[in-house]
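Participant: Below is the file work.cif, with mmCIF, C-alpha atoms and all ligand atoms.
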data_query
#
loop_
_atom_site.label_atom_id
_atom_site.label_comp_id
_atom_site.auth_asym_id
_atom_site.auth_seq_id
_atom_site.Cartn_x
_atom_site.Cartn_y
_atom_site.Cartn_z
CA MET A 955 95.98 87.59 140.08
CA SER A 956 99.01 87.03 142.25
CA ALA A 957 100.75 85.08 139.48
CA HIS A 958 100.99 88.31 137.55
CA ALA A 959 102.17 90.39 140.45
CA ALA A 960 105.41 88.42 140.38
CA THR A 961 106.08 89.48 136.80
CA ASP A 962 105.43 93.18 137.35
CA ALA A 963 109.03 94.02 138.13
CA SER A 964 110.31 92.29 135.02
CA ILE A 965 107.73 94.10 132.89
CA ALA A 966 108.91 97.43 134.20
CA GLU A 967 112.46 96.43 133.34
CA THR A 968 111.78 95.10 129.89
CA GLY A 969 109.23 97.71 128.94
CA LEU A 970 106.82 95.10 127.61
CA THR A 971 103.20 96.00 127.12
CA ARG A 972 100.76 93.78 129.00
CA ALA A 973 97.99 92.47 126.85
CA VAL A 974 94.84 90.44 127.35
CA LEU A 975 94.11 88.20 124.35
CA VAL A 976 90.59 87.54 123.13
CA GLY A 977 89.49 84.88 120.67
CA VAL A 978 85.95 84.80 119.34
CA ASP A 979 84.68 81.57 117.83
CA ILE A 980 82.10 82.63 115.30
CA GLY A 981 79.85 79.90 114.03
CA SER A 982 82.39 77.20 114.95
CA ASP A 983 85.06 78.26 112.49
CA LYS A 984 87.24 75.21 111.84
CA ARG A 985 90.36 77.33 111.95
CA PHE A 986 89.48 78.82 115.32
CA ASP A 987 92.40 78.51 117.72
CA ALA A 988 91.00 78.06 121.22
CA THR A 989 94.48 78.10 122.78
CA LEU A 990 95.29 81.55 121.32
CA GLU A 991 98.85 80.27 121.16
CA GLU A 992 99.60 81.79 117.77
CA LEU A 993 98.17 85.16 118.81
CA SER A 994 100.31 85.02 121.92
CA LEU A 995 103.40 84.35 119.78
CA LEU A 996 102.45 87.24 117.52
CA ALA A 997 102.04 89.46 120.57
CA ALA A 998 105.43 88.37 121.89
CA SER A 999 107.00 89.07 118.49
CA ALA A 1000 105.58 92.61 118.74
CA GLY A 1001 106.96 93.06 122.24
CA ASP A 1002 103.75 92.43 124.19
CA LEU A 1003 103.38 90.13 127.17
CA THR A 1004 100.25 88.01 127.41
CA VAL A 1005 98.71 88.38 130.87
CA GLY A 1006 95.29 86.86 130.25
CA ARG A 1007 93.21 84.99 127.67
CA VAL A 1008 89.48 85.07 127.07
CA ILE A 1009 87.48 82.89 124.71
CA ALA A 1010 84.00 83.83 123.53
CA ARG A 1011 81.54 82.02 121.31
CA ARG A 1012 78.97 83.71 119.11
CA LYS A 1013 76.76 82.80 116.19
CA ALA A 1014 77.49 86.16 114.58
CA PRO A 1015 79.60 89.13 115.64
CA ASP A 1016 77.82 91.92 117.48
CA ALA A 1017 77.76 94.96 115.19
CA ALA A 1018 78.72 97.41 117.92
CA LEU A 1019 81.03 95.52 120.25
CA PHE A 1020 81.90 92.39 118.26
CA ILE A 1021 81.30 90.41 121.47
CA GLY A 1022 78.34 90.58 123.83
CA SER A 1023 78.31 93.17 126.60
CA GLY A 1024 78.50 90.41 129.23
CA LYS A 1025 81.74 89.15 127.70
CA ALA A 1026 82.98 92.72 127.43
CA ASP A 1027 82.45 93.16 131.17
CA GLU A 1028 84.32 89.94 131.83
CA ILE A 1029 87.26 91.24 129.78
CA LYS A 1030 87.10 94.58 131.58
CA ALA A 1031 87.38 92.82 134.93
CA LEU A 1032 90.35 90.80 133.72
CA VAL A 1033 92.04 93.97 132.44
CA ALA A 1034 91.66 95.54 135.86
CA GLU A 1035 92.86 92.42 137.62
CA THR A 1036 95.98 92.00 135.48
CA GLY A 1037 96.76 95.70 135.00
CA ALA A 1038 96.76 95.12 131.25
CA HIS A 1039 97.58 98.03 128.93
CA GLY A 1040 95.52 96.74 126.07
CA VAL A 1041 93.37 93.99 124.61
CA ILE A 1042 94.18 92.14 121.37
CA PHE A 1043 91.49 90.36 119.37
CA ASP A 1044 92.38 87.35 117.23
CA GLN A 1045 89.79 88.40 114.66
CA ALA A 1046 89.59 91.52 112.52
CA LEU A 1047 87.54 94.33 114.07
CA SER A 1048 85.75 97.05 112.17
CA PRO A 1049 86.89 100.58 113.01
CA ALA A 1050 83.58 101.19 114.84
CA GLN A 1051 83.86 98.00 116.88
CA GLN A 1052 87.39 98.90 117.84
CA ARG A 1053 86.34 102.39 118.97
CA ASN A 1054 83.33 101.12 120.90
CA LEU A 1055 85.39 98.45 122.62
CA GLU A 1056 87.98 101.00 123.66
CA ARG A 1057 85.29 103.15 125.22
CA HIS A 1058 83.78 100.17 126.98
CA LEU A 1059 87.05 98.68 128.22
CA GLY A 1060 88.92 101.92 128.89
CA VAL A 1061 92.16 100.58 127.36
CA ALA A 1062 93.56 100.36 123.84
CA VAL A 1063 92.15 97.64 121.62
CA ALA A 1064 94.03 96.07 118.74
CA ASP A 1065 93.26 93.28 116.33
CA ARG A 1066 95.30 90.64 114.58
CA THR A 1067 95.82 92.81 111.51
CA SER A 1068 97.30 95.74 113.38
CA LEU A 1069 99.50 93.37 115.36
CA ILE A 1070 100.92 91.85 112.18
CA LEU A 1071 101.41 95.34 110.74
CA ASP A 1072 103.38 96.37 113.83
CA ILE A 1073 105.65 93.35 113.53
CA PHE A 1074 106.18 93.97 109.85
CA ALA A 1075 107.01 97.61 110.51
CA ALA A 1076 109.60 96.66 113.10
CA ARG A 1077 111.21 94.03 110.87
CA ALA A 1078 111.35 95.62 107.44
CA GLN A 1079 114.96 96.06 106.34
CA SER A 1080 115.16 96.80 102.65
CA HIS A 1081 113.98 100.01 101.05
CA GLU A 1082 111.24 98.12 99.23
CA GLY A 1083 110.17 96.22 102.34
CA LYS A 1084 109.87 99.47 104.28
CA LEU A 1085 107.79 101.06 101.54
CA GLN A 1086 105.52 98.02 101.40
CA VAL A 1087 104.95 98.07 105.13
CA GLU A 1088 104.30 101.79 105.09
CA LEU A 1089 101.72 101.37 102.37
CA ALA A 1090 99.95 98.55 104.21
CA ARG A 1091 99.93 100.59 107.42
CA LEU A 1092 98.62 103.71 105.72
CA GLN A 1093 95.84 101.72 104.09
CA TYR A 1094 94.89 100.24 107.45
CA MET A 1095 95.07 103.65 109.10
CA ALA A 1096 93.02 105.34 106.42
CA THR A 1097 89.95 103.52 107.73
CA ARG A 1098 90.73 104.05 111.42
CA LEU A 1099 93.19 106.83 111.95
CA VAL A 1100 94.70 105.08 114.88
CA GLY A 1101 97.99 103.47 115.75
CA ARG A 1102 97.81 100.28 117.74
CA TRP A 1103 98.39 101.64 121.24
CA SER A 1104 99.42 105.21 120.72
CA HIS A 1105 96.19 106.97 119.84
CA LEU A 1106 94.26 106.58 123.08
CA GLU A 1107 95.12 109.97 124.46
CA ARG A 1108 93.58 111.81 121.57
CA GLN A 1109 90.56 109.54 121.51
CA ARG A 1110 89.93 110.01 125.19
CA GLY A 1111 89.60 113.74 124.69
CA GLY A 1112 86.73 113.17 122.34
CA ILE A 1113 84.84 110.41 124.13
CA GLY A 1114 81.11 110.80 123.86
CA THR A 1115 81.30 113.87 121.67
CA ARG A 1116 80.86 113.76 117.94
CA GLY A 1117 82.01 116.69 115.89
CA GLY A 1118 84.20 119.37 117.44
CA PRO A 1119 87.96 119.73 117.03
CA GLY A 1120 88.51 115.94 117.07
CA GLU A 1121 86.59 115.46 113.86
CA ALA A 1122 88.34 118.35 112.11
CA GLN A 1123 91.67 116.85 113.05
CA ILE A 1124 90.56 113.50 111.68
CA GLU A 1125 89.57 115.07 108.35
CA LEU A 1126 92.97 116.69 108.12
CA ASP A 1127 94.69 113.40 109.00
CA LYS A 1128 92.64 111.62 106.36
CA ARG A 1129 93.75 114.01 103.66
CA MET A 1130 97.37 113.74 104.75
CA ILE A 1131 97.17 109.97 104.71
CA GLY A 1132 95.65 110.03 101.23
CA ASP A 1133 98.54 112.16 99.96
CA ARG A 1134 101.07 109.98 101.65
CA ILE A 1135 99.57 106.81 100.14
CA LYS A 1136 99.93 108.35 96.69
CA SER A 1137 103.56 109.27 97.19
CA VAL A 1138 104.50 105.86 98.65
CA LYS A 1139 102.80 104.12 95.73
CA ILE A 1140 104.84 106.17 93.25
CA ARG A 1141 108.06 105.34 95.03
CA LEU A 1142 107.14 101.65 95.18
CA GLU A 1143 106.45 101.63 91.45
CA LYS A 1144 109.95 102.92 90.84
CA VAL A 1145 111.56 100.26 93.03
CA LYS A 1146 109.43 97.60 91.35
CA ARG A 1147 110.66 98.67 87.93
CA GLN A 1148 114.26 98.38 89.07
CA ARG A 1149 113.51 95.00 90.52
CA SER A 1150 111.99 93.69 87.35
CA THR A 1151 115.06 94.82 85.40
CA GLN A 1152 117.23 92.87 87.82
CA ARG A 1153 114.98 89.87 87.49
CA LYS A 1154 115.12 89.95 83.74
CA ALA A 1155 118.89 90.00 83.92
CA ARG A 1156 118.78 86.93 86.12
CA GLU A 1157 116.40 85.21 83.77
CA ARG A 1158 118.74 85.88 80.89
CA ARG A 1159 121.45 84.13 82.80
CA GLY A 1160 119.10 81.15 82.84
CA THR A 1161 119.32 80.23 86.49
CA PHE A 1162 116.90 77.62 87.79
CA ARG A 1163 115.06 79.34 90.60
CA VAL A 1164 114.07 77.65 93.84
CA SER A 1165 112.07 79.48 96.54
CA LEU A 1166 111.51 78.54 100.15
CA VAL A 1167 107.92 79.14 101.17
CA GLY A 1168 105.90 78.11 104.19
CA TYR A 1169 104.10 79.10 107.33
CA THR A 1170 105.90 81.57 109.55
CA ASN A 1171 108.34 79.91 111.98
CA ALA A 1172 108.46 76.65 109.97
CA GLY A 1173 112.24 76.94 109.71
CA LYS A 1174 112.72 78.37 106.22
CA SER A 1175 115.62 80.65 107.14
CA THR A 1176 117.33 77.96 109.19
CA LEU A 1177 117.09 75.62 106.22
CA PHE A 1178 118.27 78.37 103.88
CA ASN A 1179 121.30 78.97 106.09
CA VAL A 1180 122.38 75.34 106.25
CA LEU A 1181 121.80 74.78 102.55
CA VAL A 1182 123.73 77.80 101.30
CA LYS A 1183 125.93 78.34 104.36
CA ALA A 1184 124.54 81.83 104.86
CA ARG A 1185 123.59 83.69 107.98
CA ALA A 1186 120.07 84.96 107.35
CA TYR A 1187 118.21 85.99 110.48
CA ALA A 1188 116.42 82.99 111.97
CA ALA A 1189 114.64 83.23 115.28
CA ASP A 1190 111.80 81.81 117.29
CA GLN A 1191 109.60 84.72 116.31
CA LEU A 1192 106.82 85.08 113.83
CA PHE A 1193 107.86 86.95 110.69
CA ALA A 1194 111.54 86.93 111.51
CA THR A 1195 112.10 87.27 107.76
CA LEU A 1196 110.50 90.00 105.69
CA ASP A 1197 112.85 90.61 102.84
CA THR A 1198 113.76 88.08 100.24
CA THR A 1199 117.37 86.89 100.25
CA THR A 1200 118.80 84.95 97.33
CA ARG A 1201 121.98 82.87 97.14
CA ALA A 1202 123.43 80.29 94.82
CA LEU A 1203 122.98 76.69 95.96
CA TRP A 1204 125.53 74.22 94.64
CA LEU A 1205 124.13 70.77 93.96
CA GLU A 1206 126.88 68.17 93.95
CA GLN A 1207 124.53 65.50 92.62
CA ALA A 1208 123.78 67.44 89.44
CA ALA A 1209 127.11 69.26 89.36
CA CYS A 1210 125.35 72.58 88.92
CA SER A 1211 123.99 75.42 90.97
CA VAL A 1212 120.51 76.85 91.29
CA SER A 1213 119.38 80.04 92.98
CA LEU A 1214 117.68 79.66 96.35
CA SER A 1215 115.48 82.41 97.86
CA ASP A 1216 114.28 82.75 101.44
CA THR A 1217 110.94 84.57 101.65
CA VAL A 1218 108.43 86.03 104.09
CA GLY A 1219 106.35 83.47 105.99
CA PHE A 1220 102.60 83.04 105.59
CA ILE A 1221 100.02 83.14 108.34
CA ARG A 1222 96.34 82.40 108.79
CA ASP A 1223 94.10 85.38 108.02
CA LEU A 1224 96.93 87.42 106.57
CA PRO A 1225 95.03 90.56 105.72
CA HIS A 1226 94.32 90.78 102.04
CA LYS A 1227 95.69 94.29 101.78
CA LEU A 1228 98.92 93.13 103.27
CA VAL A 1229 99.31 90.37 100.71
CA GLU A 1230 98.78 93.01 98.07
CA ALA A 1231 101.38 95.25 99.59
CA PHE A 1232 103.83 92.37 99.69
CA GLU A 1233 103.06 91.34 96.18
CA ALA A 1234 106.51 92.14 94.90
CA THR A 1235 108.16 90.02 97.56
CA LEU A 1236 105.78 87.17 96.97
CA HIS A 1237 106.40 87.42 93.23
CA GLU A 1238 109.64 85.73 93.96
CA ALA A 1239 107.64 82.63 94.90
CA ALA A 1240 105.23 82.88 92.00
CA GLU A 1241 108.02 83.10 89.49
CA ALA A 1242 110.14 80.32 90.88
CA ASP A 1243 110.72 77.12 88.94
CA LEU A 1244 110.38 75.07 92.08
CA LEU A 1245 109.01 75.73 95.58
CA LEU A 1246 110.34 74.12 98.72
CA HIS A 1247 107.21 74.22 100.85
CA VAL A 1248 108.60 73.99 104.38
CA VAL A 1249 106.27 72.52 106.98
CA ASP A 1250 106.86 72.39 110.72
CA ALA A 1251 106.32 68.65 111.19
CA SER A 1252 106.14 69.08 114.96
CA SER A 1253 103.28 71.58 114.92
CA PRO A 1254 99.88 70.37 116.10
CA GLN A 1255 98.42 72.77 113.49
CA LEU A 1256 100.43 71.18 110.70
CA LEU A 1257 97.51 70.49 108.37
CA GLU A 1258 95.85 73.88 108.83
CA GLN A 1259 99.16 75.61 108.26
CA GLN A 1260 99.85 73.61 105.13
CA ALA A 1261 96.37 74.41 103.79
CA GLU A 1262 96.83 78.10 104.53
CA VAL A 1263 100.10 78.20 102.62
CA GLU A 1264 98.41 76.45 99.67
CA ARG A 1265 95.64 79.03 99.77
CA VAL A 1266 98.01 81.99 99.72
CA LEU A 1267 100.10 80.37 96.97
CA HIS A 1268 97.00 80.18 94.83
CA GLU A 1269 96.12 83.75 95.68
CA ILE A 1270 99.50 85.02 94.48
CA GLY A 1271 99.41 82.92 91.34
CA ALA A 1272 101.94 80.33 92.50
CA GLY A 1273 99.47 77.47 92.83
CA ASP A 1274 100.84 75.63 89.82
CA VAL A 1275 104.54 75.95 90.54
CA PRO A 1276 105.98 72.48 91.27
CA GLN A 1277 106.59 71.84 94.95
CA ILE A 1278 108.65 69.65 97.18
CA LEU A 1279 107.04 69.29 100.61
CA VAL A 1280 109.82 69.61 103.15
CA PHE A 1281 108.80 68.28 106.54
CA ASN A 1282 111.19 70.09 108.88
CA LYS A 1283 111.90 69.78 112.63
CA CYS A 1284 111.72 65.99 112.46
CA ASP A 1285 114.15 65.94 115.39
CA LEU A 1286 111.24 67.05 117.58
CA LEU A 1287 109.04 64.09 116.63
CA GLU A 1288 108.75 61.24 119.06
CA GLU A 1289 109.94 57.81 117.99
CA SER A 1290 106.53 56.54 116.88
CA ARG A 1291 106.01 59.51 114.55
CA GLN A 1292 109.45 59.39 112.93
CA PRO A 1293 109.26 58.93 109.15
CA ARG A 1294 110.15 55.44 107.94
CA GLU A 1295 111.78 56.63 104.73
CA PRO A 1296 113.75 59.85 104.18
CA ARG A 1297 111.52 60.62 101.19
CA ASP A 1298 108.29 59.55 99.59
CA SER A 1299 105.51 61.17 97.63
CA ILE A 1300 101.90 61.90 98.38
CA GLU A 1301 98.94 62.31 96.11
CA VAL A 1302 97.80 65.95 96.36
CA HIS A 1303 95.13 65.66 93.67
CA PRO A 1304 93.92 62.52 91.95
CA GLY A 1305 96.84 61.33 89.85
CA VAL A 1306 99.16 64.14 90.97
CA LEU A 1307 102.05 63.11 93.16
CA ARG A 1308 104.18 65.52 95.12
CA PRO A 1309 107.61 64.60 96.49
CA ARG A 1310 108.00 64.79 100.22
CA VAL A 1311 111.29 64.91 102.14
CA PHE A 1312 111.76 64.62 105.88
CA VAL A 1313 114.52 66.75 107.34
CA SER A 1314 115.85 68.51 110.37
CA ALA A 1315 117.51 71.81 109.55
CA ARG A 1316 118.81 71.77 113.09
CA ASP A 1317 120.73 68.48 113.06
CA GLY A 1318 121.16 68.12 109.31
CA THR A 1319 119.15 64.92 108.89
CA GLY A 1320 117.74 64.44 105.40
CA LEU A 1321 119.49 67.41 103.81
CA ASP A 1322 121.43 65.27 101.34
CA THR A 1323 118.17 63.66 100.28
CA LEU A 1324 116.64 67.10 99.85
CA ARG A 1325 119.56 68.23 97.67
CA GLN A 1326 119.16 65.02 95.71
CA VAL A 1327 115.45 65.62 95.04
CA ILE A 1328 116.08 69.25 94.05
CA ALA A 1329 118.85 68.06 91.73
CA GLU A 1330 116.58 65.46 90.15
CA ILE A 1331 113.94 68.03 89.40
CA ALA A 1332 116.32 70.76 88.33
CA SER A 1333 118.59 68.73 86.13
CA GLY A 1334 117.86 66.97 82.89
CA ALA A 1335 116.97 63.96 85.04
CA ALA A 1336 113.70 65.80 85.67
CA ASN A 1337 111.93 63.44 83.34
CA ALA A 1338 113.05 60.42 85.25
CA ALA A 1339 112.21 62.13 88.52
CA GLN A 1340 108.77 62.89 87.22
CA SER A 1341 107.86 59.25 86.95
CA ALA A 1342 109.76 58.29 90.08
CA VAL A 1343 108.57 60.95 92.51
CA GLY A 1344 106.04 62.83 90.44
CA LEU A 1345 105.86 66.46 89.50
CA ASP A 1346 102.87 68.72 89.81
CA ARG A 1347 103.11 69.85 86.23
CA GLU A 1348 102.78 67.62 83.26
CA SER A 1349 106.11 68.72 81.97
CA SER A 1350 109.18 69.51 83.97
CA PRO A 1351 109.93 73.15 84.73
CA LEU A 1352 112.87 72.91 82.39
CA SER A 1353 111.11 71.53 79.38
CA THR A 1354 108.37 74.14 79.54
CA GLU A 1355 110.89 76.57 78.16
CA SER A 1356 111.73 76.54 74.49
CA ASP A 1357 115.40 76.85 75.45
CA SER A 1358 117.34 73.67 75.60
CA VAL A 1359 118.10 72.36 79.05
CA SER A 1360 121.75 73.21 78.74
CA SER A 1361 121.24 76.89 77.96
CA ARG A 1362 118.53 77.35 80.54
CA PHE A 1363 120.43 75.48 83.15
CA PRO A 1364 124.14 75.45 82.47
CA MET A 1365 125.82 72.28 83.62
CA ALA A 1366 129.33 72.52 84.90
N1 LIG B 1401 114.05 71.65 116.70
C1 LIG B 1401 114.18 72.28 115.54
N2 LIG B 1401 114.01 73.62 115.49
C2 LIG B 1401 114.16 74.23 114.29
C3 LIG B 1401 114.46 73.51 113.11
N3 LIG B 1401 114.52 74.40 112.09
C4 LIG B 1401 114.26 75.62 112.62
N4 LIG B 1401 114.05 75.52 113.95
C5 LIG B 1401 113.73 76.63 114.87
O1 LIG B 1401 112.48 77.19 114.52
C6 LIG B 1401 112.48 78.61 114.75
C7 LIG B 1401 112.07 79.34 113.49
O2 LIG B 1401 113.08 79.19 112.52
P1 LIG B 1401 113.25 80.18 111.29
O3 LIG B 1401 114.26 79.57 110.40
O4 LIG B 1401 113.44 81.57 111.74
O5 LIG B 1401 111.77 80.05 110.63
P2 LIG B 1401 111.18 80.83 109.37
O6 LIG B 1401 110.31 79.85 108.67
O7 LIG B 1401 112.28 81.44 108.58
O8 LIG B 1401 110.30 81.90 110.11
P3 LIG B 1401 109.82 83.38 109.62
O9 LIG B 1401 110.94 84.04 108.90
O10 LIG B 1401 109.50 84.03 110.92
O11 LIG B 1401 108.63 83.16 108.77
C8 LIG B 1401 113.90 78.96 115.22
O12 LIG B 1401 113.87 79.03 116.63
C9 LIG B 1401 114.73 77.78 114.75
O13 LIG B 1401 115.86 77.56 115.56
C10 LIG B 1401 114.64 72.08 113.20
O14 LIG B 1401 114.88 71.36 112.24
N5 LIG B 1401 114.47 71.54 114.44
MG MG B 1402 112.62 83.35 108.10
#
In structure tokens, write the structure found in this file.
Ligand SMILES: Nc1nc2c(ncn2[C@@H]2O[C@H](COP(=O)(O)OP(=O)(O)OP(=O)(O)O)[C@@H](O)[C@H]2O)c(=O)[nH]1
Ligand SMILES: [Mg+2]
Facilitator:
Amino acid sequence: MSAHAATDASIAETGLTRAVLVGVDIGSDKRFDATLEELSLLAASAGDLTVGRVIARRKAPDAALFIGSGKADEIKALVAETGAHGVIFDQALSPAQQRNLERHLGVAVADRTSLILDIFAARAQSHEGKLQVELARLQYMATRLVGRWSHLERQRGGIGTRGGPGEAQIELDKRMIGDRIKSVKIRLEKVKRQRSTQRKARERRGTFRVSLVGYTNAGKSTLFNVLVKARAYAADQLFATLDTTTRALWLEQAACSVSLSDTVGFIRDLPHKLVEAFEATLHEAAEADLLLHVVDASSPQLLEQQAEVERVLHEIGAGDVPQILVFNKCDLLEESRQPREPRDSIEVHPGVLRPRVFVSARDGTGLDTLRQVIAEIASGAANAAQSAVGLDRESSPLSTESDSVSSRFPMA
């Protein structure tokens, strides 16, 4: 492909890995992304450059190769044509499928899970975040004993031969990984205990807790920064944020402050193990009094993304925490799709209304309205807000506590 030849020089300069992306539509999965746009963004966030895309359709995955051998040959040809270093599948591969594909294609093969793990590993900042990522990686490795691109050399040595020194090495690696998992778990436990002590202290202070949640890249950190005038890392990358940051948010309307936390973004098919490993971080969301569910209003996948976030929230036990739906990036909407009112409410379940606010974190539109809605819910006016905009719970988050509103939520 001559189009790729032109980019060769820049690849050499930037050190990016060239990758061919493969998406397999199995049984017409509704969430199947035929554009592979999200996978390409994930790849870019991990430092890979997409040089080709292949879509396959199957009723069921092939046990050995995941795809058919005809498709595999097609991918092999594209790899040769583009000089790709590896192939990334949008779906999770079994360890055997990954190995077989690597033999067939002659280059490294990765899947969505390992890609996400790589990004997480590169981004983790806090001690706890690093431990969580390490645990998730070790658990993934325990079943495969491979890094995403780095293991090919060793594998090549053993192609076609079972047993021999390769297998012995693998047994040794397995035992080492098992030991390492144990030690990381112990260290994580310790950090978790410290964290829960800190949390209890915060609870005693009676702060009303608000957490930003949402699909990765929805604009949570940007919103966080403009609301609390902070400088959390925000970027056009997936999983720019991994660690939770918390700041006080002053609400003029209620003359009080609440705590606002920025959290890790969600993504479709986030591997279950990874959610588990990030449990502590996601606890922040589950234990909040109010969630600001940030949605990228300009995304064509808006509904799927919203549904995915709902699903993960339920999984982490935050399904019942009251929410405000924050439709962000409204500046990107064309005139005909601009919201008519800065706020409204939608019925999420029969008889259950959820407030919705339309904002642009970039140009500041709607932020006063957002502060207003948070204030209504957080302050004693929650009761009034409940009938006006509706809350997901029967009682307000304040009145669920036996404490009086003023001790739970000190007014200035
Ligand atoms: N046009 C426009 N872009 C926005 C807006 N808010 C955020 N962005 C952009 O969207 C991208 C993602 O923003 P972040 O704030 O990092 O998103 P996030 O939800 O924190 O993402 P992760 O931490 O990766 O999950 C950045 O390039 C922002 O500049 C907005 O209101 N309008
Ligand atoms: Mg972020």
Participant: Please identify the residues whose atoms come within 12 Å of ligand MG 1402 (chain B), using all atoms listed in the file, and report them as a PyMOL selection string.
Facilitator: chain A and resi 1077+1166-1179+1185-1199+1215-1220+1248
Participant: Identify, on the basis of all atoms listed in the file, every residue whose closest approach to range 1031-1036 of chain A does not exceed 8 Å; exclude the query and any residue fewer than 3 positions from it along the same chain; express the result as a list in words.
Facilitator: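 Near range 1031-1036 of chain A, the qualifying residues are Met955, His958, Val974, Val1005, Gly1006, Asp1027, Glu1028, His1039, Gly1040 and Val1041 of chain A.
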Participant: Counting only C-alpha atoms and all ligand atoms, figure out which residue out of A:Val1180, A:Leu993, A:Leu1244, A:Leu1203 gets nearest to ligand LIG 1401 (chain B).
Facilitator: A:Val1180
Participant: For Lys1013 in chain A, find every residue with an atom within 9 Å (counting all atoms listed in the file), except residues of its own chain fewer than 3 positions away, and show them as an MDAnalysis selection string.
Facilitator: chainID A and resid 979:982
Participant: Using all atoms listed in the file, which residue out of A:Phe1281, A:Gly1060, A:Met1130, A:Glu1238 lies closest to Ser1150 in chain A?
Facilitator: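 The shortest atom-to-atom distance to Ser1150 in chain A comes from A:Glu1238.
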Participant: Where's the centre, and what are the edge lengths in Å to one decimal, of a box along x, y and z enclosing all listed atoms of ligand LIG 1401 (chain B) padded 6 Å per side, as lines of an AutoDock Vina configuration file?
Facilitator:
center_x = 112.2
center_y = 77.7
center_z = 112.6
size_x = 19.2
size_y = 24.7
size_z = 20.1
